Each structure stands twice: as C-alpha cells, then as structure tokens.
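The block underneath contains the structure these notes are about, expressed in structure tokens.
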Amino acid sequence: MKEIPSPPRPADFLNLIFLTFLAAITVIFHARINESSILVAAYVSLIFLQAVLSLHRDRNGLYRWAYDLIFPTVSILIVFDSVGRLVHAINPRDIDPLLMKLDYMLFDGNPTVIMEKIALPLLTDALQLAYTSYYFLPLTLGIALKLKKEDYVFDRSLFFIMLCFYLSYIGYMLWPALGPRFTINHLTELKGFVVTKPIQEVLNRLEGIKRDAFPSGHTSIALTVLYLAFRFEKRLFRIFLPFVLALIFSTVYLRYHYVVDVMAGAVLAFITIILGETLYGFRSKRITINR
C-alpha cells in the first residue's frame with residue numbers, strides 16, 4: 001500500500017503568503033527601492049527552495065532537519081534583512097517623536113536617560129548577554145522539540161514563531177522607528193567590562209541601522225517562545241524565564257527600545273498567541289472532519 005504523504009504544514013503556507021506579499025510590495029514600490037530586482041529574486045528563490053524541500057518533507061535525518069529548522073531560520077533572517085530596505089520606501093516618516101513623547105508622558109522623562117542612574121559596567125555586560133539570548137531562544141526550543149520527535153508540537157510552535165516574526169515586520173513597515181540609541185542625547189555612554197562592546201559591534205554589522213524599534217520584536221518573540229515552552233517544554237520554561245525577564249528589561253536599559261515599544265511587543269505576543277491558537281483550532285477541526 002502506497003504511503004500517503006503528510007499534508008503541507010501551516011508554517012509553509014504562512015511563509016509562502018508573506019514572501020509573496022513582500023515580492024508584490026517590492027514590485028509596486030520598485031522605483032523607490034534600491035536593487036529591487038535582487039529582492040524579488042531573493043523572495044522567489046526562497047519560495048522555490050521551500051517548494052523543493054516540501055516535496056520530500058517526509059524524509060528523515062539531516063534532510064528533515066534542513067526542512068524543519070534550517071530553512072525557516074534562513075528564511076526569517078533573509079526576510080528581516082530585506083525588510084530594512086523596504087521600510088522607508090513604503091513609509092518614509094519615522095514615529096520616534098511620538099514614541100518619545102509617550103514615554104515622557106508615562107515616566108515624566110526619557111526612561112533610557114533615567115536608567116543612567118543605575119548603569120554599571122557589570123550590569124551592562126549581563127544585560128547585553130541577556131539581550132543576545134533572543135537569537136538563541138527560538139532555536140533552542142526548536143531543537144528541544146525536534147529531539148522529542150513530536151512533529152505536531154514542533155510544527156505548531158514553528159507557526160507561532162514565524163507568525164510573530166512576520167507580524168513584527170509588518171509593524172516596522174507601518175510604524176518605522178530607529179529607537180533611543182539614535183534619537184536621544186544621553187548624558188553618559190553605556191560601557192561594559194568585556195562583552196558589551198564586541199557584541200554590539202557584531203550586532204551592528206549584522207543588523208545594520210534598521211527602523212525596527214516598534215513594536216519590540218525582542219519582546220514579542222521572547223514572550224511567544226516563553227508561552228510555547230510553558231505549553232510544551234516545562235523544563236525549558238523554567239530556564240528561559242529569567243533570561244526573558246532580563247532580556248525585556250535590557251531592551252530599554254541598553255537603549256534599543258522605548259518603553260512603549262516593549263508594551264507594543266507584549267501586545268503583539270498576545271495577538272500572536274490568540275491568532276495562532278484560533279488558526280490551529282480551526283485546522284484541528286478540519287483534520288477531524290476529513291478523517
């Protein structure tokens with residue numbers, strides 16, 4: 001009896017829809033975008049590669065790891081880098097003045113300036129490491145779920161994380177913002193003992209200067225991963241919790257985000273969870289009916 005291949009996973013549909021959306025946006029605004037043809041080619045290449053990988057999605061071993069974990073990671077990174085080129089072509093007006101005003105109303109001052117009173121080199125190093133943990137939280141959860149060989153849980157978590165990333169990218173296009181590092185005149189320079197400067201230099205080279213402050217993707221992704229860990233991997237949840245709390249605090253302390261960015265990131269995480277649970281509830285009903 002011929003084995004029936006597993007259906008395409010929702011994360012693939014999500015990636016296809018978002019890549020198509022970006023390609024369409026790039027074509028529409030091509031006159032304003034530098035090297036727009038390269039961006040379109042990158043999106044089409046990702047769509048083609050995903051299609052090729054999905055043809056053999058039931059294979060095991062290294063191929064399955066490439067399909068499940070490596071390709072989504074590469075796709076998210078390429079899309080993030082490309083969005084930085086699209087933001088000001090689509091929406092050239094930064095909202096930093098509004099965000100600064102809101103922060104000032106809430107705290108009767110700029111929070112990043114107020115935090116200068118507690119700045120210490122050791123604390124700065126510790127928080128820079130916490131901030132950097134953002135890049136490892138989703139991967140760590142994904143690897144842990146893959147090792148458990150619970151495909152449904154992994155696919156569900158991948159969808160939630162990709163949904164959160166892509167919603168945050170839409171936020172960057174709708175509400176461009178540089179962040180307090182570039183917009184506020186701080187009284188002192190943040191200095192660490194060992195790790196702060198080299199980590200910041202690496203991140204600046206990799207990420208460049210992007211208008212990706214609102215909403216805080218670090219906050220939304222970290223909270224979404226924390227939720228998924230609580231649902232499916234309790235041991236990781238207990239490990240992640242202090243890192244996520246320190247990470248969220250670090251986004252303001254290290255001057256990457258306004259407080260309202262962090263608040264918006266928390267709201268985005270909530271929207272991601274509600275929307276993700278709704279979509280997967282609908283999918284489960286369809287699977288039951290089809291059976």
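The chains in the structure tokens are called A, B, ... from first to last as shown; in each chain the residues are counted from 1, and the ligands are counted from 1 in the order shown.
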Shell around Leu254 in chain A at 9 Å using only C-alpha atoms, local window under 3 positions removed, as a PyMOL selection string: chain A and resi 112+124+127-128+131+181+190+249-251+257
Where does DSSP see alpha helix (DSSP H) in range 148-239 of chain A, if you list the residues as a PDB file with N, CA and C atoms, in the first residue's frame?
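Okay, this is what ended up in out.pdb:
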ATOM      1  N   LYS A 148      12.445  15.612  20.759  1.00  0.00           N
ATOM      2  CA  LYS A 148      11.334  14.853  21.338  1.00  0.00           C
ATOM      3  C   LYS A 148      10.528  14.109  20.287  1.00  0.00           C
ATOM      4  N   ASP A 151       6.176  15.873  16.086  1.00  0.00           N
ATOM      5  CA  ASP A 151       6.100  16.722  14.903  1.00  0.00           C
ATOM      6  C   ASP A 151       4.987  17.756  14.998  1.00  0.00           C
ATOM      7  N   TYR A 152       3.830  17.364  15.526  1.00  0.00           N
ATOM      8  CA  TYR A 152       2.705  18.293  15.600  1.00  0.00           C
ATOM      9  C   TYR A 152       3.043  19.472  16.501  1.00  0.00           C
ATOM     10  N   VAL A 153       3.660  19.192  17.640  1.00  0.00           N
ATOM     11  CA  VAL A 153       4.039  20.258  18.569  1.00  0.00           C
ATOM     12  C   VAL A 153       5.095  21.161  17.943  1.00  0.00           C
ATOM     13  N   PHE A 154       6.065  20.568  17.256  1.00  0.00           N
ATOM     14  CA  PHE A 154       7.097  21.372  16.599  1.00  0.00           C
ATOM     15  C   PHE A 154       6.479  22.252  15.516  1.00  0.00           C
ATOM     16  N   ASP A 155       5.623  21.673  14.663  1.00  0.00           N
ATOM     17  CA  ASP A 155       5.016  22.444  13.582  1.00  0.00           C
ATOM     18  C   ASP A 155       4.160  23.578  14.124  1.00  0.00           C
ATOM     19  N   ARG A 156       3.442  23.302  15.178  1.00  0.00           N
ATOM     20  CA  ARG A 156       2.600  24.326  15.806  1.00  0.00           C
ATOM     21  C   ARG A 156       3.467  25.472  16.338  1.00  0.00           C
ATOM     22  N   SER A 157       4.550  25.117  17.019  1.00  0.00           N
ATOM     23  CA  SER A 157       5.441  26.132  17.587  1.00  0.00           C
ATOM     24  C   SER A 157       6.121  26.939  16.491  1.00  0.00           C
ATOM     25  N   LEU A 158       6.539  26.272  15.423  1.00  0.00           N
ATOM     26  CA  LEU A 158       7.164  26.966  14.303  1.00  0.00           C
ATOM     27  C   LEU A 158       6.203  27.984  13.698  1.00  0.00           C
ATOM     28  N   PHE A 159       4.947  27.608  13.563  1.00  0.00           N
ATOM     29  CA  PHE A 159       3.954  28.533  13.013  1.00  0.00           C
ATOM     30  C   PHE A 159       3.807  29.763  13.901  1.00  0.00           C
ATOM     31  N   PHE A 160       3.701  29.561  15.214  1.00  0.00           N
ATOM     32  CA  PHE A 160       3.561  30.681  16.146  1.00  0.00           C
ATOM     33  C   PHE A 160       4.752  31.633  16.040  1.00  0.00           C
ATOM     34  N   ILE A 161       5.947  31.072  16.002  1.00  0.00           N
ATOM     35  CA  ILE A 161       7.155  31.908  15.980  1.00  0.00           C
ATOM     36  C   ILE A 161       7.268  32.666  14.663  1.00  0.00           C
ATOM     37  N   MET A 162       7.010  31.988  13.549  1.00  0.00           N
ATOM     38  CA  MET A 162       7.073  32.672  12.247  1.00  0.00           C
ATOM     39  C   MET A 162       5.989  33.737  12.147  1.00  0.00           C
ATOM     40  N   LEU A 163       4.807  33.446  12.677  1.00  0.00           N
ATOM     41  CA  LEU A 163       3.723  34.422  12.666  1.00  0.00           C
ATOM     42  C   LEU A 163       4.122  35.675  13.443  1.00  0.00           C
ATOM     43  N   CYS A 164       4.739  35.487  14.599  1.00  0.00           N
ATOM     44  CA  CYS A 164       5.176  36.617  15.416  1.00  0.00           C
ATOM     45  C   CYS A 164       6.246  37.432  14.695  1.00  0.00           C
ATOM     46  N   PHE A 165       7.213  36.764  14.111  1.00  0.00           N
ATOM     47  CA  PHE A 165       8.250  37.474  13.349  1.00  0.00           C
ATOM     48  C   PHE A 165       7.622  38.313  12.235  1.00  0.00           C
ATOM     49  N   TYR A 166       6.757  37.704  11.449  1.00  0.00           N
ATOM     50  CA  TYR A 166       6.243  38.385  10.272  1.00  0.00           C
ATOM     51  C   TYR A 166       5.260  39.495  10.633  1.00  0.00           C
ATOM     52  N   LEU A 167       4.507  39.336  11.704  1.00  0.00           N
ATOM     53  CA  LEU A 167       3.659  40.431  12.172  1.00  0.00           C
ATOM     54  C   LEU A 167       4.508  41.611  12.641  1.00  0.00           C
ATOM     55  N   SER A 168       5.626  41.309  13.290  1.00  0.00           N
ATOM     56  CA  SER A 168       6.508  42.400  13.731  1.00  0.00           C
ATOM     57  C   SER A 168       7.108  43.125  12.536  1.00  0.00           C
ATOM     58  N   TYR A 169       7.421  42.400  11.462  1.00  0.00           N
ATOM     59  CA  TYR A 169       7.970  43.036  10.267  1.00  0.00           C
ATOM     60  C   TYR A 169       6.937  43.967   9.621  1.00  0.00           C
ATOM     61  N   ILE A 170       5.684  43.563   9.646  1.00  0.00           N
ATOM     62  CA  ILE A 170       4.623  44.439   9.142  1.00  0.00           C
ATOM     63  C   ILE A 170       4.542  45.693  10.008  1.00  0.00           C
ATOM     64  N   GLY A 171       4.727  45.514  11.326  1.00  0.00           N
ATOM     65  CA  GLY A 171       4.744  46.656  12.229  1.00  0.00           C
ATOM     66  C   GLY A 171       5.845  47.643  11.887  1.00  0.00           C
ATOM     67  N   TYR A 172       7.014  47.141  11.526  1.00  0.00           N
ATOM     68  CA  TYR A 172       8.122  48.028  11.157  1.00  0.00           C
ATOM     69  C   TYR A 172       7.773  48.867   9.928  1.00  0.00           C
ATOM     70  N   MET A 173       7.059  48.245   8.979  1.00  0.00           N
ATOM     71  CA  MET A 173       6.692  48.969   7.770  1.00  0.00           C
ATOM     72  C   MET A 173       5.601  50.007   8.037  1.00  0.00           C
ATOM     73  N   LEU A 174       4.706  49.701   8.952  1.00  0.00           N
ATOM     74  CA  LEU A 174       3.620  50.629   9.269  1.00  0.00           C
ATOM     75  C   LEU A 174       4.091  51.772  10.165  1.00  0.00           C
ATOM     76  N   PRO A 180      15.836  54.756  20.766  1.00  0.00           N
ATOM     77  CA  PRO A 180      16.501  55.822  21.537  1.00  0.00           C
ATOM     78  C   PRO A 180      18.009  55.894  21.367  1.00  0.00           C
ATOM     79  N   ARG A 181      18.653  54.825  20.901  1.00  0.00           N
ATOM     80  CA  ARG A 181      20.101  54.904  20.658  1.00  0.00           C
ATOM     81  C   ARG A 181      20.447  56.030  19.707  1.00  0.00           C
ATOM     82  N   PHE A 182      19.556  56.265  18.732  1.00  0.00           N
ATOM     83  CA  PHE A 182      19.838  57.210  17.659  1.00  0.00           C
ATOM     84  C   PHE A 182      19.089  58.534  17.796  1.00  0.00           C
ATOM     85  N   THR A 183      18.138  58.610  18.703  1.00  0.00           N
ATOM     86  CA  THR A 183      17.273  59.791  18.732  1.00  0.00           C
ATOM     87  C   THR A 183      17.372  60.618  20.008  1.00  0.00           C
ATOM     88  N   THR A 196      30.180  43.770  26.232  1.00  0.00           N
ATOM     89  CA  THR A 196      29.211  44.697  25.642  1.00  0.00           C
ATOM     90  C   THR A 196      29.668  45.244  24.302  1.00  0.00           C
ATOM     91  N   LYS A 197      30.853  45.811  24.255  1.00  0.00           N
ATOM     92  CA  LYS A 197      31.313  46.450  23.026  1.00  0.00           C
ATOM     93  C   LYS A 197      31.451  45.470  21.865  1.00  0.00           C
ATOM     94  N   PRO A 198      32.131  44.320  22.041  1.00  0.00           N
ATOM     95  CA  PRO A 198      32.244  43.400  20.889  1.00  0.00           C
ATOM     96  C   PRO A 198      30.898  42.860  20.418  1.00  0.00           C
ATOM     97  N   ILE A 199      29.968  42.583  21.363  1.00  0.00           N
ATOM     98  CA  ILE A 199      28.651  42.090  20.953  1.00  0.00           C
ATOM     99  C   ILE A 199      27.906  43.160  20.174  1.00  0.00           C
ATOM    100  N   GLN A 200      27.953  44.401  20.655  1.00  0.00           N
ATOM    101  CA  GLN A 200      27.269  45.479  19.948  1.00  0.00           C
ATOM    102  C   GLN A 200      27.855  45.702  18.561  1.00  0.00           C
ATOM    103  N   GLU A 201      29.164  45.591  18.440  1.00  0.00           N
ATOM    104  CA  GLU A 201      29.789  45.760  17.124  1.00  0.00           C
ATOM    105  C   GLU A 201      29.350  44.663  16.152  1.00  0.00           C
ATOM    106  N   VAL A 202      29.269  43.435  16.649  1.00  0.00           N
ATOM    107  CA  VAL A 202      28.824  42.325  15.803  1.00  0.00           C
ATOM    108  C   VAL A 202      27.370  42.529  15.380  1.00  0.00           C
ATOM    109  N   LEU A 203      26.495  42.886  16.331  1.00  0.00           N
ATOM    110  CA  LEU A 203      25.085  43.097  16.024  1.00  0.00           C
ATOM    111  C   LEU A 203      24.896  44.262  15.051  1.00  0.00           C
ATOM    112  N   ASN A 204      25.685  45.310  15.233  1.00  0.00           N
ATOM    113  CA  ASN A 204      25.573  46.452  14.325  1.00  0.00           C
ATOM    114  C   ASN A 204      25.981  46.081  12.907  1.00  0.00           C
ATOM    115  N   ARG A 205      27.008  45.232  12.790  1.00  0.00           N
ATOM    116  CA  ARG A 205      27.437  44.797  11.453  1.00  0.00           C
ATOM    117  C   ARG A 205      26.398  43.877  10.815  1.00  0.00           C
ATOM    118  N   LEU A 206      25.841  42.986  11.609  1.00  0.00           N
ATOM    119  CA  LEU A 206      24.887  42.016  11.080  1.00  0.00           C
ATOM    120  C   LEU A 206      23.542  42.656  10.767  1.00  0.00           C
ATOM    121  N   GLU A 207      23.065  43.505  11.661  1.00  0.00           N
ATOM    122  CA  GLU A 207      21.729  44.065  11.512  1.00  0.00           C
ATOM    123  C   GLU A 207      21.726  45.401  10.783  1.00  0.00           C
ATOM    124  N   GLY A 217      10.406  43.508  18.615  1.00  0.00           N
ATOM    125  CA  GLY A 217      10.417  42.101  18.232  1.00  0.00           C
ATOM    126  C   GLY A 217      11.089  41.231  19.269  1.00  0.00           C
ATOM    127  N   HIS A 218      12.104  41.777  19.957  1.00  0.00           N
ATOM    128  CA  HIS A 218      12.755  41.017  21.025  1.00  0.00           C
ATOM    129  C   HIS A 218      11.737  40.629  22.102  1.00  0.00           C
ATOM    130  N   THR A 219      10.876  41.570  22.454  1.00  0.00           N
ATOM    131  CA  THR A 219       9.869  41.293  23.482  1.00  0.00           C
ATOM    132  C   THR A 219       8.824  40.304  22.991  1.00  0.00           C
ATOM    133  N   SER A 220       8.295  40.536  21.797  1.00  0.00           N
ATOM    134  CA  SER A 220       7.209  39.681  21.297  1.00  0.00           C
ATOM    135  C   SER A 220       7.681  38.253  21.053  1.00  0.00           C
ATOM    136  N   ILE A 221       8.854  38.087  20.440  1.00  0.00           N
ATOM    137  CA  ILE A 221       9.371  36.741  20.181  1.00  0.00           C
ATOM    138  C   ILE A 221       9.714  36.033  21.487  1.00  0.00           C
ATOM    139  N   ALA A 222      10.369  36.741  22.412  1.00  0.00           N
ATOM    140  CA  ALA A 222      10.752  36.123  23.685  1.00  0.00           C
ATOM    141  C   ALA A 222       9.517  35.653  24.456  1.00  0.00           C
ATOM    142  N   LEU A 223       8.466  36.470  24.486  1.00  0.00           N
ATOM    143  CA  LEU A 223       7.246  36.089  25.209  1.00  0.00           C
ATOM    144  C   LEU A 223       6.510  34.957  24.497  1.00  0.00           C
ATOM    145  N   THR A 224       6.529  34.959  23.174  1.00  0.00           N
ATOM    146  CA  THR A 224       5.894  33.868  22.428  1.00  0.00           C
ATOM    147  C   THR A 224       6.620  32.550  22.669  1.00  0.00           C
ATOM    148  N   VAL A 225       7.940  32.582  22.637  1.00  0.00           N
ATOM    149  CA  VAL A 225       8.733  31.377  22.917  1.00  0.00           C
ATOM    150  C   VAL A 225       8.500  30.917  24.352  1.00  0.00           C
ATOM    151  N   LEU A 226       8.421  31.863  25.274  1.00  0.00           N
ATOM    152  CA  LEU A 226       8.179  31.507  26.673  1.00  0.00           C
ATOM    153  C   LEU A 226       6.818  30.824  26.823  1.00  0.00           C
ATOM    154  N   TYR A 227       5.814  31.325  26.143  1.00  0.00           N
ATOM    155  CA  TYR A 227       4.486  30.699  26.164  1.00  0.00           C
ATOM    156  C   TYR A 227       4.547  29.272  25.624  1.00  0.00           C
ATOM    157  N   LEU A 228       5.226  29.086  24.499  1.00  0.00           N
ATOM    158  CA  LEU A 228       5.324  27.756  23.900  1.00  0.00           C
ATOM    159  C   LEU A 228       6.098  26.798  24.802  1.00  0.00           C
ATOM    160  N   ALA A 229       7.148  27.310  25.447  1.00  0.00           N
ATOM    161  CA  ALA A 229       7.902  26.471  26.384  1.00  0.00           C
ATOM    162  C   ALA A 229       7.023  26.068  27.557  1.00  0.00           C
ATOM    163  N   PHE A 230       6.204  26.985  28.039  1.00  0.00           N
ATOM    164  CA  PHE A 230       5.283  26.666  29.142  1.00  0.00           C
ATOM    165  C   PHE A 230       4.290  25.588  28.725  1.00  0.00           C
ATOM    166  N   ARG A 231       3.829  25.650  27.482  1.00  0.00           N
ATOM    167  CA  ARG A 231       2.861  24.672  26.987  1.00  0.00           C
ATOM    168  C   ARG A 231       3.475  23.303  26.753  1.00  0.00           C
ATOM    169  N   PHE A 232       4.698  23.280  26.183  1.00  0.00           N
ATOM    170  CA  PHE A 232       5.205  22.029  25.640  1.00  0.00           C
ATOM    171  C   PHE A 232       6.541  21.553  26.217  1.00  0.00           C
ATOM    172  N   LYS A 234       8.240  22.253  29.805  1.00  0.00           N
ATOM    173  CA  LYS A 234       8.259  22.959  31.090  1.00  0.00           C
ATOM    174  C   LYS A 234       9.670  23.177  31.625  1.00  0.00           C
ATOM    175  N   ARG A 235      10.573  22.242  31.399  1.00  0.00           N
ATOM    176  CA  ARG A 235      11.944  22.419  31.899  1.00  0.00           C
ATOM    177  C   ARG A 235      12.613  23.616  31.242  1.00  0.00           C
ATOM    178  N   LEU A 236      12.396  23.762  29.944  1.00  0.00           N
ATOM    179  CA  LEU A 236      12.944  24.922  29.255  1.00  0.00           C
ATOM    180  C   LEU A 236      12.279  26.207  29.727  1.00  0.00           C
ATOM    181  N   PHE A 237      11.001  26.143  30.040  1.00  0.00           N
ATOM    182  CA  PHE A 237      10.306  27.337  30.538  1.00  0.00           C
ATOM    183  C   PHE A 237      10.991  27.874  31.787  1.00  0.00           C
ATOM    184  N   ARG A 238      11.339  26.989  32.692  1.00  0.00           N
ATOM    185  CA  ARG A 238      11.998  27.438  33.932  1.00  0.00           C
ATOM    186  C   ARG A 238      13.381  28.020  33.654  1.00  0.00           C
ATOM    187  N   ILE A 239      14.049  27.503  32.632  1.00  0.00           N
ATOM    188  CA  ILE A 239      15.359  28.054  32.258  1.00  0.00           C
ATOM    189  C   ILE A 239      15.192  29.387  31.530  1.00  0.00           C
TER     190      ILE A 239
END
Spatial neighbours of range 115-122 of chain A, 7 Å, only C-alpha atoms, chain gap at least 4 places, as a list in words: Pro111, Ala126, Lys191, Gly192, Phe193 and Tyr253 of chain A
I need the chosen residues saved as a PDB file, in the first residue's frame, with C-alpha atoms.
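That gives us result02.pdb:
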ATOM      1  CA  PRO A 111      13.358  56.087  30.557  1.00  0.00           C
ATOM      2  CA  ALA A 126      24.999  40.944  31.957  1.00  0.00           C
ATOM      3  CA  LYS A 191      30.155  50.775  28.993  1.00  0.00           C
ATOM      4  CA  GLY A 192      30.703  47.174  29.957  1.00  0.00           C
ATOM      5  CA  PHE A 193      33.769  45.331  31.185  1.00  0.00           C
ATOM      6  CA  TYR A 253      18.388  49.763  29.562  1.00  0.00           C
TER       7      TYR A 253
END
Residue neighbourhood Asp103 in chain A, 8 Å, only C-alpha atoms, exclusion window fewer than 4 positions, as a PyMOL selection string: chain A and resi 99+107-111+258-260
Could you please take those selected residues and save N, CA and C atoms as a tab-separated table (two decimals), in the first residue's frame?
chain	number	residue	atom	x	y	z
A	99	LEU	N	6.84	58.30	19.89
A	99	LEU	CA	7.21	57.32	20.91
A	99	LEU	C	7.93	57.98	22.08
A	107	PHE	N	6.56	58.50	32.16
A	107	PHE	CA	7.60	58.46	33.18
A	107	PHE	C	8.13	59.84	33.58
A	108	ASP	N	7.52	60.88	33.02
A	108	ASP	CA	7.97	62.24	33.30
A	108	ASP	C	9.47	62.39	32.99
A	109	GLY	N	9.85	61.79	31.91
A	109	GLY	CA	11.25	61.83	31.47
A	109	GLY	C	11.50	60.70	30.50
A	110	ASN	N	12.68	60.67	29.90
A	110	ASN	CA	13.06	59.58	29.00
A	110	ASN	C	13.59	58.40	29.80
A	111	PRO	N	12.92	57.24	29.75
A	111	PRO	CA	13.36	56.09	30.56
A	111	PRO	C	14.82	55.70	30.36
A	258	TYR	N	12.16	52.08	23.16
A	258	TYR	CA	11.36	52.86	24.09
A	258	TYR	C	10.49	51.90	24.90
A	259	VAL	N	9.99	52.37	26.03
A	259	VAL	CA	9.12	51.51	26.83
A	259	VAL	C	7.84	51.17	26.06
A	260	VAL	N	7.32	52.11	25.30
A	260	VAL	CA	6.10	51.83	24.53
A	260	VAL	C	6.36	50.78	23.45
Nearby residues (only C-alpha atoms) at most 10 Å from Ala42 in chain A, same-chain spacing under 2 positions excluded, as a PyMOL selection string: chain A and resi 19+23+36-40+44-48+75+78-79+82
Neighbour list for Pro215 in chain A as a VMD selection string, cut-off 6 Å, only C-alpha atoms, skip fewer than 6 positions in-chain: chain A and resid 261 264 to 265
Given only C-alpha atoms as the counted atoms, nearest of A:Leu14, A:Lys146, A:Val267, A:Ala177 to Arg64 in chain A: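 Checking each candidate against Arg64 in chain A, we get A:Lys146 as the closest.
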For Arg211 in chain A, the nearest of the candidates A:Leu178, A:Val74, A:Val52, A:Ile274, counting only C-alpha atoms: A:Leu178
CA of Asn15 in chain A to CA of Pro72 in chain A, straight-line distance in Å: 8.4 Å
Gap from CA of Ile90 in chain A to CA of Phe29 in chain A - Å, one decimal: 7.0 Å
Among listed residues A:Leu129, A:Ala41, A:Met100, A:Leu106, nearest Gly179 in chain A (using only C-alpha atoms):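 Distance minimum relative to Gly179 in chain A lands on A:Met100.
Once Ser133 in chain A and its same-chain neighbours fewer than 6 positions away are set aside, A:Phe243, A:Val244, A:Leu247 remain within 9 Å of it when counting only C-alpha atoms.
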Nearest to Trp175 in chain A, chosen from A:Leu141, A:Leu275, A:Ala130, A:Arg93, with only C-alpha atoms counted in the distances: A:Arg93
